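> To be precise about what I am sending: the file is called my_file_16.cif and holds mmCIF, C-alpha atoms.
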data_start
loop_
_atom_site.group_PDB
_atom_site.id
_atom_site.type_symbol
_atom_site.label_atom_id
_atom_site.label_comp_id
_atom_site.auth_asym_id
_atom_site.auth_seq_id
_atom_site.Cartn_x
_atom_site.Cartn_y
_atom_site.Cartn_z
ATOM 1 C CA MET A 294 -9.936 -21.432 4.352
ATOM 2 C CA THR A 295 -9.376 -24.783 6.060
ATOM 3 C CA ARG A 296 -8.005 -22.994 9.103
ATOM 4 C CA LEU A 297 -11.093 -20.812 9.129
ATOM 5 C CA ARG A 298 -13.344 -23.816 8.800
ATOM 6 C CA ARG A 299 -11.526 -25.661 11.582
ATOM 7 C CA ALA A 300 -11.864 -22.649 13.822
ATOM 8 C CA LEU A 301 -15.571 -22.534 13.088
ATOM 9 C CA VAL A 302 -16.121 -26.266 13.447
ATOM 10 C CA SER A 303 -13.971 -27.075 16.503
ATOM 11 C CA ARG A 304 -16.030 -24.906 18.818
ATOM 12 C CA PRO A 305 -19.768 -24.441 19.114
ATOM 13 C CA VAL A 306 -20.936 -22.132 16.362
ATOM 14 C CA PRO A 307 -21.786 -18.758 17.927
ATOM 15 C CA ALA A 308 -25.429 -17.776 17.579
ATOM 16 C CA VAL A 309 -25.346 -14.630 15.438
ATOM 17 C CA GLU A 310 -22.124 -12.731 15.835
ATOM 18 C CA ALA A 311 -20.211 -11.883 12.712
ATOM 19 C CA ILE A 312 -19.869 -13.250 9.208
ATOM 20 C CA GLN A 313 -16.241 -13.798 8.183
ATOM 21 C CA LEU A 314 -15.332 -13.485 4.533
ATOM 22 C CA ASP A 315 -12.010 -14.564 3.048
ATOM 23 C CA GLY A 316 -10.096 -11.644 1.484
ATOM 24 C CA SER A 317 -8.603 -13.497 -1.494
ATOM 25 C CA GLU A 318 -11.967 -14.902 -2.551
ATOM 26 C CA LEU A 319 -13.552 -11.468 -2.144
ATOM 27 C CA ARG A 320 -10.878 -9.926 -4.399
ATOM 28 C CA LEU A 321 -11.529 -12.604 -7.014
ATOM 29 C CA THR A 322 -15.277 -11.987 -6.803
ATOM 30 C CA GLY A 323 -14.793 -8.208 -6.980
ATOM 31 C CA ALA A 324 -12.545 -8.496 -10.035
ATOM 32 C CA ALA A 325 -15.043 -10.827 -11.745
ATOM 33 C CA LEU A 326 -17.881 -8.427 -10.945
ATOM 34 C CA ILE A 327 -16.147 -5.407 -12.481
ATOM 35 C CA ALA A 328 -14.825 -7.390 -15.460
ATOM 36 C CA GLY A 329 -18.297 -8.875 -16.020
ATOM 37 C CA GLY A 330 -19.894 -5.423 -15.893
ATOM 38 C CA ALA A 331 -17.351 -4.153 -18.397
ATOM 39 C CA ALA A 332 -17.693 -7.205 -20.679
ATOM 40 C CA LEU A 333 -21.483 -6.898 -20.794
ATOM 41 C CA GLN A 334 -21.026 -3.604 -22.667
ATOM 42 C CA LEU A 335 -19.943 -5.795 -25.614
ATOM 43 C CA SER A 336 -23.473 -7.075 -25.998
ATOM 44 C CA PRO A 337 -24.992 -5.434 -29.092
ATOM 45 C CA VAL A 338 -28.400 -5.085 -27.459
ATOM 46 C CA HIS A 339 -29.530 -5.183 -23.877
ATOM 47 C CA VAL A 340 -31.504 -8.393 -23.507
ATOM 48 C CA PRO A 341 -34.075 -8.156 -20.753
ATOM 49 C CA ILE A 342 -32.918 -11.074 -18.610
ATOM 50 C CA LEU A 343 -36.019 -12.957 -17.626
ATOM 51 C CA CYS A 344 -35.938 -13.634 -13.932
ATOM 52 C CA PRO A 345 -38.151 -16.712 -13.434
ATOM 53 C CA LEU A 346 -39.657 -15.277 -10.230
ATOM 54 C CA ARG A 347 -40.624 -11.998 -11.844
ATOM 55 C CA ALA A 348 -41.800 -13.713 -15.035
ATOM 56 C CA LEU A 349 -44.042 -16.070 -13.075
ATOM 57 C CA THR A 350 -45.369 -13.846 -10.308
ATOM 58 C CA GLY A 351 -44.492 -10.261 -11.246
ATOM 59 C CA ILE A 352 -42.836 -9.865 -7.846
ATOM 60 C CA PRO A 353 -39.200 -8.704 -7.891
ATOM 61 C CA CYS A 354 -36.676 -10.188 -5.438
ATOM 62 C CA PRO A 355 -34.167 -8.005 -3.525
ATOM 63 C CA LEU A 356 -31.488 -8.674 -6.169
ATOM 64 C CA CYS A 357 -33.692 -7.477 -9.037
ATOM 65 C CA GLY A 358 -31.900 -5.021 -11.319
ATOM 66 C CA MET A 359 -28.446 -5.883 -10.015
ATOM 67 C CA THR A 360 -26.993 -6.932 -13.385
ATOM 68 C CA THR A 361 -28.259 -3.715 -14.971
ATOM 69 C CA SER A 362 -27.016 -1.692 -12.012
ATOM 70 C CA VAL A 363 -23.481 -3.146 -11.971
ATOM 71 C CA GLU A 364 -23.206 -2.777 -15.750
ATOM 72 C CA ALA A 365 -24.362 0.871 -15.565
ATOM 73 C CA THR A 366 -22.029 1.648 -12.646
ATOM 74 C CA VAL A 367 -19.015 0.329 -14.565
ATOM 75 C CA ARG A 368 -20.137 2.584 -17.460
ATOM 76 C CA LEU A 369 -20.247 5.436 -14.857
ATOM 77 C CA ASP A 370 -23.977 5.873 -15.518
ATOM 78 C CA LEU A 371 -24.738 6.274 -11.813
ATOM 79 C CA GLU A 372 -28.211 7.625 -12.473
ATOM 80 C CA GLY A 373 -29.205 4.555 -14.469
ATOM 81 C CA ALA A 374 -27.568 2.303 -11.868
ATOM 82 C CA ALA A 375 -29.460 3.912 -8.990
ATOM 83 C CA ALA A 376 -32.727 3.616 -10.884
ATOM 84 C CA ALA A 377 -32.267 -0.135 -11.371
ATOM 85 C CA ASN A 378 -30.941 -0.964 -7.885
ATOM 86 C CA PRO A 379 -28.695 1.378 -5.843
ATOM 87 C CA ALA A 380 -26.976 -1.636 -4.264
ATOM 88 C CA GLY A 381 -25.068 -2.164 -7.530
ATOM 89 C CA ILE A 382 -23.176 1.085 -6.947
ATOM 90 C CA VAL A 383 -22.381 0.008 -3.372
ATOM 91 C CA LEU A 384 -21.224 -3.394 -4.627
ATOM 92 C CA VAL A 385 -18.859 -1.967 -7.267
ATOM 93 C CA ALA A 386 -17.509 0.570 -4.739
ATOM 94 C CA ALA A 387 -16.953 -2.254 -2.235
ATOM 95 C CA ALA A 388 -15.207 -4.337 -4.913
ATOM 96 C CA ILE A 389 -12.837 -1.478 -5.765
ATOM 97 C CA THR A 390 -12.132 -0.840 -2.060
ATOM 98 C CA ILE A 391 -11.367 -4.521 -1.454
ATOM 99 C CA LEU A 392 -9.113 -4.695 -4.521
ATOM 100 C CA VAL A 393 -7.175 -1.602 -3.374
ATOM 101 C CA LEU A 394 -6.939 -2.233 0.374
ATOM 102 C CA ARG A 395 -6.508 -6.030 0.098
ATOM 103 C CA PRO A 396 -7.841 -7.005 3.539
ATOM 104 C CA SER A 397 -7.115 -10.621 4.523
ATOM 105 C CA VAL A 398 -10.461 -11.106 6.268
ATOM 106 C CA ILE A 399 -13.631 -9.060 6.369
ATOM 107 C CA ARG A 400 -15.995 -9.370 9.314
ATOM 108 C CA LEU A 401 -19.545 -8.227 8.843
ATOM 109 C CA PRO A 402 -21.948 -7.967 11.780
ATOM 110 C CA ALA A 403 -24.488 -10.728 11.099
ATOM 111 C CA PRO A 404 -27.554 -8.474 10.700
ATOM 112 C CA VAL A 405 -25.904 -6.392 7.932
ATOM 113 C CA PRO A 406 -26.709 -8.653 4.951
ATOM 114 C CA TYR A 407 -30.277 -9.165 6.124
ATOM 115 C CA LEU A 408 -30.871 -5.444 6.638
ATOM 116 C CA ALA A 409 -29.293 -4.713 3.235
ATOM 117 C CA LEU A 410 -31.512 -7.311 1.532
ATOM 118 C CA ALA A 411 -34.583 -5.916 3.292
ATOM 119 C CA ALA A 412 -33.750 -2.377 2.137
ATOM 120 C CA MET A 413 -33.111 -3.618 -1.419
ATOM 121 C CA TRP A 414 -36.394 -5.470 -1.438
ATOM 122 C CA LEU A 415 -38.336 -2.409 -0.274
ATOM 123 C CA TYR A 416 -36.700 -0.380 -3.045
ATOM 124 C CA GLU A 417 -37.526 -2.976 -5.721
ATOM 125 C CA LEU A 418 -41.113 -3.458 -4.519
ATOM 126 C CA HIS A 419 -41.519 0.300 -4.709
ATOM 127 C CA ARG A 420 -39.882 0.425 -8.165
ATOM 128 C CA PHE A 421 -42.385 -2.096 -9.509
ATOM 129 C CA SER A 422 -45.248 -0.209 -7.832
ATOM 130 C CA ILE A 423 -46.117 -3.070 -5.519
ATOM 131 C CA LEU A 424 -45.469 -0.911 -2.454
ATOM 132 C CA MET L 11 -6.036 -42.476 -10.215
ATOM 133 C CA SER L 12 -8.711 -40.852 -12.278
ATOM 134 C CA THR L 13 -12.052 -39.514 -11.100
ATOM 135 C CA ALA L 14 -12.398 -40.673 -7.523
ATOM 136 C CA ASP L 15 -15.567 -41.804 -5.858
ATOM 137 C CA PRO L 16 -16.510 -39.286 -3.180
ATOM 138 C CA GLN L 17 -17.938 -42.100 -1.090
ATOM 139 C CA GLN L 18 -14.567 -43.843 -1.007
ATOM 140 C CA ARG L 19 -12.484 -40.811 -0.090
ATOM 141 C CA PRO L 20 -10.640 -41.035 3.208
ATOM 142 C CA PRO L 21 -12.652 -39.466 5.989
ATOM 143 C CA THR L 22 -12.149 -35.759 6.554
ATOM 144 C CA SER L 23 -10.714 -34.509 9.801
ATOM 145 C CA PHE L 24 -14.196 -33.751 11.064
ATOM 146 C CA PRO L 25 -16.090 -37.050 10.629
ATOM 147 C CA GLY L 26 -19.837 -36.642 10.386
ATOM 148 C CA ASP L 27 -19.583 -32.884 10.352
ATOM 149 C CA GLY L 28 -18.248 -31.850 6.959
ATOM 150 C CA PRO L 29 -18.766 -33.059 3.381
ATOM 151 C CA SER L 30 -17.749 -36.588 2.375
ATOM 152 C CA GLY L 31 -14.893 -35.280 0.209
ATOM 153 C CA PRO L 32 -13.207 -32.076 -0.999
ATOM 154 C CA ARG L 33 -15.681 -29.508 -2.324
ATOM 155 C CA ALA L 34 -15.279 -26.355 -4.388
ATOM 156 C CA SER L 35 -15.540 -23.273 -2.171
ATOM 157 C CA PHE L 36 -18.573 -21.030 -2.468
ATOM 158 C CA GLY L 37 -16.362 -18.112 -3.563
ATOM 159 C CA ARG L 38 -14.967 -20.048 -6.527
ATOM 160 C CA ARG L 39 -18.425 -21.200 -7.552
ATOM 161 C CA LEU L 40 -19.697 -17.630 -7.330
ATOM 162 C CA VAL L 41 -16.895 -16.239 -9.508
ATOM 163 C CA ALA L 42 -17.385 -19.064 -12.039
ATOM 164 C CA TYR L 43 -21.105 -18.195 -12.141
ATOM 165 C CA LEU L 44 -20.373 -14.492 -12.659
ATOM 166 C CA ILE L 45 -18.132 -15.393 -15.615
ATOM 167 C CA ASP L 46 -20.779 -17.733 -17.049
ATOM 168 C CA ILE L 47 -23.661 -15.272 -16.847
ATOM 169 C CA THR L 48 -21.472 -12.563 -18.399
ATOM 170 C CA ILE L 49 -20.751 -14.853 -21.356
ATOM 171 C CA ILE L 50 -24.421 -15.860 -21.570
ATOM 172 C CA GLY L 51 -25.429 -12.191 -21.430
ATOM 173 C CA ILE L 52 -23.168 -11.286 -24.357
ATOM 174 C CA LEU L 53 -24.137 -14.394 -26.392
ATOM 175 C CA SER L 54 -27.848 -13.761 -25.828
ATOM 176 C CA GLY L 55 -27.354 -10.141 -26.894
ATOM 177 C CA ILE L 56 -25.772 -11.297 -30.153
ATOM 178 C CA VAL L 57 -28.406 -14.000 -30.769
ATOM 179 C CA TYR L 58 -31.155 -11.507 -29.909
ATOM 180 C CA ALA L 59 -29.754 -8.929 -32.336
ATOM 181 C CA ILE L 60 -29.655 -11.517 -35.133
ATOM 182 C CA SER L 61 -33.049 -13.122 -34.447
ATOM 183 C CA LYS L 62 -35.264 -10.286 -33.221
ATOM 184 C CA PRO L 63 -38.550 -12.175 -33.747
ATOM 185 C CA LEU L 64 -37.533 -14.795 -31.218
ATOM 186 C CA SER L 65 -37.319 -12.031 -28.622
ATOM 187 C CA ASN L 66 -36.641 -13.189 -25.055
ATOM 188 C CA VAL L 67 -36.753 -16.832 -26.034
ATOM 189 C CA ALA L 68 -33.303 -16.393 -27.605
ATOM 190 C CA GLY L 69 -31.700 -15.442 -24.298
ATOM 191 C CA PHE L 70 -33.425 -18.310 -22.558
ATOM 192 C CA LEU L 71 -32.231 -20.791 -25.209
ATOM 193 C CA VAL L 72 -28.616 -19.616 -24.871
ATOM 194 C CA TYR L 73 -28.958 -20.079 -21.092
ATOM 195 C CA LEU L 74 -30.362 -23.602 -21.593
ATOM 196 C CA VAL L 75 -27.871 -24.777 -24.225
ATOM 197 C CA TYR L 76 -24.836 -23.262 -22.472
ATOM 198 C CA PHE L 77 -25.352 -24.983 -19.124
ATOM 199 C CA THR L 78 -26.702 -28.266 -20.537
ATOM 200 C CA LEU L 79 -23.720 -28.706 -22.861
ATOM 201 C CA PHE L 80 -20.999 -27.594 -20.455
ATOM 202 C CA ASP L 81 -22.343 -29.198 -17.243
ATOM 203 C CA GLY L 82 -23.024 -32.406 -19.160
ATOM 204 C CA SER L 83 -19.697 -32.485 -21.017
ATOM 205 C CA ALA L 84 -16.990 -35.040 -20.259
ATOM 206 C CA ARG L 85 -15.042 -32.331 -18.389
ATOM 207 C CA GLY L 86 -18.103 -31.280 -16.405
ATOM 208 C CA GLN L 87 -16.983 -27.672 -16.628
ATOM 209 C CA THR L 88 -18.501 -24.453 -17.845
ATOM 210 C CA ILE L 89 -16.073 -21.783 -19.080
ATOM 211 C CA GLY L 90 -16.234 -20.101 -15.665
ATOM 212 C CA MET L 91 -15.483 -23.387 -13.927
ATOM 213 C CA MET L 92 -12.488 -24.000 -16.235
ATOM 214 C CA ALA L 93 -11.123 -20.593 -15.217
ATOM 215 C CA LEU L 94 -11.563 -21.402 -11.523
ATOM 216 C CA GLY L 95 -10.388 -25.037 -11.619
ATOM 217 C CA ILE L 96 -13.638 -26.621 -10.452
ATOM 218 C CA ARG L 97 -15.975 -29.164 -12.045
ATOM 219 C CA VAL L 98 -19.325 -30.909 -11.738
ATOM 220 C CA ILE L 99 -19.249 -34.644 -11.012
ATOM 221 C CA ASP L 100 -21.750 -37.370 -10.279
ATOM 222 C CA PHE L 101 -22.210 -37.588 -6.516
ATOM 223 C CA ARG L 102 -22.247 -41.400 -6.519
ATOM 224 C CA GLY L 103 -19.814 -42.473 -9.230
ATOM 225 C CA GLY L 104 -17.577 -39.412 -9.431
ATOM 226 C CA GLY L 105 -17.609 -39.236 -13.241
ATOM 227 C CA PRO L 106 -19.182 -36.856 -15.778
ATOM 228 C CA ILE L 107 -22.971 -36.601 -15.672
ATOM 229 C CA GLY L 108 -23.845 -36.588 -19.402
ATOM 230 C CA PHE L 109 -26.098 -34.217 -21.313
ATOM 231 C CA GLY L 110 -29.379 -35.687 -20.021
ATOM 232 C CA ARG L 111 -28.506 -34.906 -16.441
ATOM 233 C CA GLY L 112 -26.861 -31.680 -17.587
ATOM 234 C CA PHE L 113 -30.344 -30.693 -18.752
ATOM 235 C CA ILE L 114 -31.879 -31.836 -15.440
ATOM 236 C CA ARG L 115 -29.261 -29.732 -13.644
ATOM 237 C CA TRP L 116 -30.247 -26.764 -15.817
ATOM 238 C CA ILE L 117 -33.878 -27.208 -14.748
ATOM 239 C CA GLY L 118 -32.511 -27.298 -11.204
ATOM 240 C CA ARG L 119 -30.690 -24.021 -11.868
ATOM 241 C CA VAL L 120 -33.984 -22.387 -12.880
ATOM 242 C CA VAL L 121 -35.607 -23.744 -9.695
ATOM 243 C CA SER L 122 -32.628 -22.528 -7.614
ATOM 244 C CA THR L 123 -32.938 -19.055 -9.150
ATOM 245 C CA ILE L 124 -36.673 -18.592 -8.483
ATOM 246 C CA PRO L 125 -36.607 -17.719 -4.759
ATOM 247 C CA CYS L 126 -33.977 -15.008 -5.250
ATOM 248 C CA PHE L 127 -31.116 -17.502 -5.811
ATOM 249 C CA LEU L 128 -31.833 -19.287 -2.504
ATOM 250 C CA GLY L 129 -31.073 -22.621 -4.183
ATOM 251 C CA TYR L 130 -27.588 -21.360 -5.066
ATOM 252 C CA PHE L 131 -26.948 -19.963 -1.577
ATOM 253 C CA TRP L 132 -27.962 -23.387 -0.235
ATOM 254 C CA ALA L 133 -24.403 -24.582 -0.962
ATOM 255 C CA LEU L 134 -23.179 -22.254 1.798
ATOM 256 C CA TRP L 135 -24.718 -24.269 4.627
ATOM 257 C CA ASP L 136 -25.444 -27.657 3.037
ATOM 258 C CA LYS L 137 -23.420 -30.529 4.519
ATOM 259 C CA GLU L 138 -22.322 -31.753 1.074
ATOM 260 C CA LYS L 139 -22.106 -28.157 -0.256
ATOM 261 C CA GLN L 140 -24.893 -28.893 -2.744
ATOM 262 C CA GLY L 141 -27.230 -26.301 -4.198
ATOM 263 C CA TRP L 142 -30.756 -27.375 -5.112
ATOM 264 C CA HIS L 143 -29.620 -27.961 -8.707
ATOM 265 C CA ASP L 144 -26.948 -30.343 -7.335
ATOM 266 C CA LYS L 145 -29.531 -32.198 -5.284
ATOM 267 C CA ILE L 146 -31.960 -32.464 -8.224
ATOM 268 C CA ALA L 147 -29.236 -33.806 -10.542
ATOM 269 C CA THR L 148 -27.339 -35.756 -7.808
ATOM 270 C CA THR L 149 -24.103 -33.872 -8.416
ATOM 271 C CA VAL L 150 -21.396 -32.132 -6.425
ATOM 272 C CA VAL L 151 -19.000 -29.374 -7.472
ATOM 273 C CA VAL L 152 -15.402 -30.231 -6.640
ATOM 274 C CA PRO L 153 -11.907 -28.823 -7.171
ATOM 275 C CA VAL L 154 -10.148 -30.285 -10.241
ATOM 276 C CA SER L 155 -7.018 -30.650 -8.087
ATOM 277 C CA ALA L 156 -8.784 -33.282 -5.962
ATOM 278 C CA TYR L 157 -10.821 -34.865 -8.782
ATOM 279 C CA PRO L 158 -8.753 -34.629 -11.991
ATOM 280 C CA ILE L 159 -10.458 -34.834 -15.375
ATOM 281 C CA ASP L 160 -10.182 -38.310 -16.918
ATOM 282 C CA LYS L 161 -8.113 -37.796 -20.097
ATOM 283 C CA SER L 162 -8.874 -41.232 -21.617
#
What does this structure look like when you write it as structure tokens?

Amino acid sequence: MTRLRRALVSRPVPAVEAIQLDGSELRLTGAALIAGGAALQLSPVHVPILCPLRALTGIPCPLCGMTTSVEATVRLDLEGAAAANPAGIVLVAAAITILVLRPSVIRLPAPVPYLALAAMWLYELHRFSIL
Amino acid sequence: MSTADPQQRPPTSFPGDGPSGPRASFGRRLVAYLIDITIIGILSGIVYAISKPLSNVAGFLVYLVYFTLFDGSARGQTIGMMALGIRVIDFRGGGPIGFGRGFIRWIGRVVSTIPCFLGYFWALWDKEKQGWHDKIATTVVVPVSAYPIDKS
């Protein structure tokens, strides 16, 4: 990580090129995501987690439904996962891929996260009948 | 040496450009958070099942008590942070923040969550790697290896 940071700091930061993600941290995050999704099945009842934004304004954010979606994906309930937020399925699939292939670095073209968030937001706004 | 003062740390190799001392990486903070919300999710489910009339308030109370107690504890660690070897310290003095500021930091967490977790993502580009909840409570999240827990 320090080498990465030095490389990024010692030269002018490129405008919008690629986002570099460290492989070991991604594996840790992926493992925590899948383990968390599995552990949440232990909860005796599904508590509707009150997102402050949605509670206050009724507007969902792009990440709305992600906990439900990841939990359902781990349970192999893909239908339920897609209904909550299809990105949860993508996220769990990405986590499994990263855990299996063990890449040292992942480079994402900079627009990818923004386009993904935009698509997720459209889906959620549609789900809550705002669009 | 016990809990060091971030202000008195030797300068980093990039003076004026990076944080004033070692900081926990965003990845570690994210994994710690995933662990914490999983635990909170299960605990709220249990509390909810026992106390149905309280409804959603139960989950919210678990969320409040969990972060206030753990962030404010002498270790400055939630269970997720213990697993990842990171802790919350006072930005100025370097020590634990106490339950009062643990509660303030929890309010900060709610604020950070509202615009789609923007306050959490803030730590990615902030000079001192602080999220909004860190700024509100004047805290930083650091690796235990650089800022060991005071055993006394």
> Run the PyMOL selection byres ((chain L and resi 100) around 9) on the file and write out the hits as a PyMOL selection string.
chain L and resi 15+98-99+101-107+147-151
> Counting all atoms listed in the file, which residues from chain L have an atom at most 10 Å from any atom of chain A, and could you show them as a PyMOL selection string?
chain L and resi 23-24+27-28+35-60+65-70+94+120-127
> I'd like to know which of A:Ser362, A:Gln313, A:Thr350, A:Asn378 is closest to Val398 in chain A, using all atoms listed in the file.
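The shortest atom-to-atom distance to Val398 in chain A comes from A:Gln313.
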> Rounded to one decimal in Å, what is the spacing between CA of Ala156 in chain L and CA of Gly129 in chain L?
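Going from CA of Ala156 in chain L over to CA of Gly129 in chain L covers 24.8 Å.
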> I would like the residues chosen by the PyMOL selection byres ((chain L and resi 154) around 10) on the shown file; could you give them as a PyMOL selection string?
chain L and resi 13+32-34+85+87+91-92+94-98+151-153+155-159
> Check which residues satisfy the PyMOL selection byres ((chain L and resi 77) around 9) in the file shown, then give them as a list of chain:residue names.
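Output from the PyMOL selection byres ((chain L and resi 77) around 9), applied to this file: L:Asp46, L:Val72, L:Tyr73, L:Leu74, L:Val75, L:Tyr76, L:Thr78, L:Leu79, L:Phe80, L:Asp81, L:Gly82, L:Thr88, L:Gly112, L:Phe113, L:Arg115, L:Trp116.
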> How many Å separate CA of Pro379 in chain A from CA of Arg119 in chain L?
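Interatomic distance, CA of Pro379 in chain A to CA of Arg119 in chain L: 26.2 Å.
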> What is the CA of Leu418 in chain A-CA of Asp370 in chain A distance in Å, reported with one decimal?
22.4 Å
> Calculated over all atoms listed in the file, which of the candidates L:Gly141, L:Gly31, L:Trp135, L:Asp160 has the smallest distance to Gly86 in chain L?
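Using all atoms listed in the file, Gly86 in chain L sits closest to L:Asp160.
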> Please report, as JSON, the centre and edge lengths in Å to one decimal of an axis-aligned box covering all listed atoms of range 144-151 of chain L with 8 Å per side.

{"center_x": -25.5, "center_y": -32.6, "center_z": -7.9, "size_x": 29.0, "size_y": 22.4, "size_z": 21.3}
> Which is closer to Lys137 in chain L than all the others in L:Arg111, L:Pro29, L:Lys161, L:Ala84, using only C-alpha atoms?
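Once distances to Lys137 in chain L are computed over only C-alpha atoms, the minimum belongs to L:Pro29.
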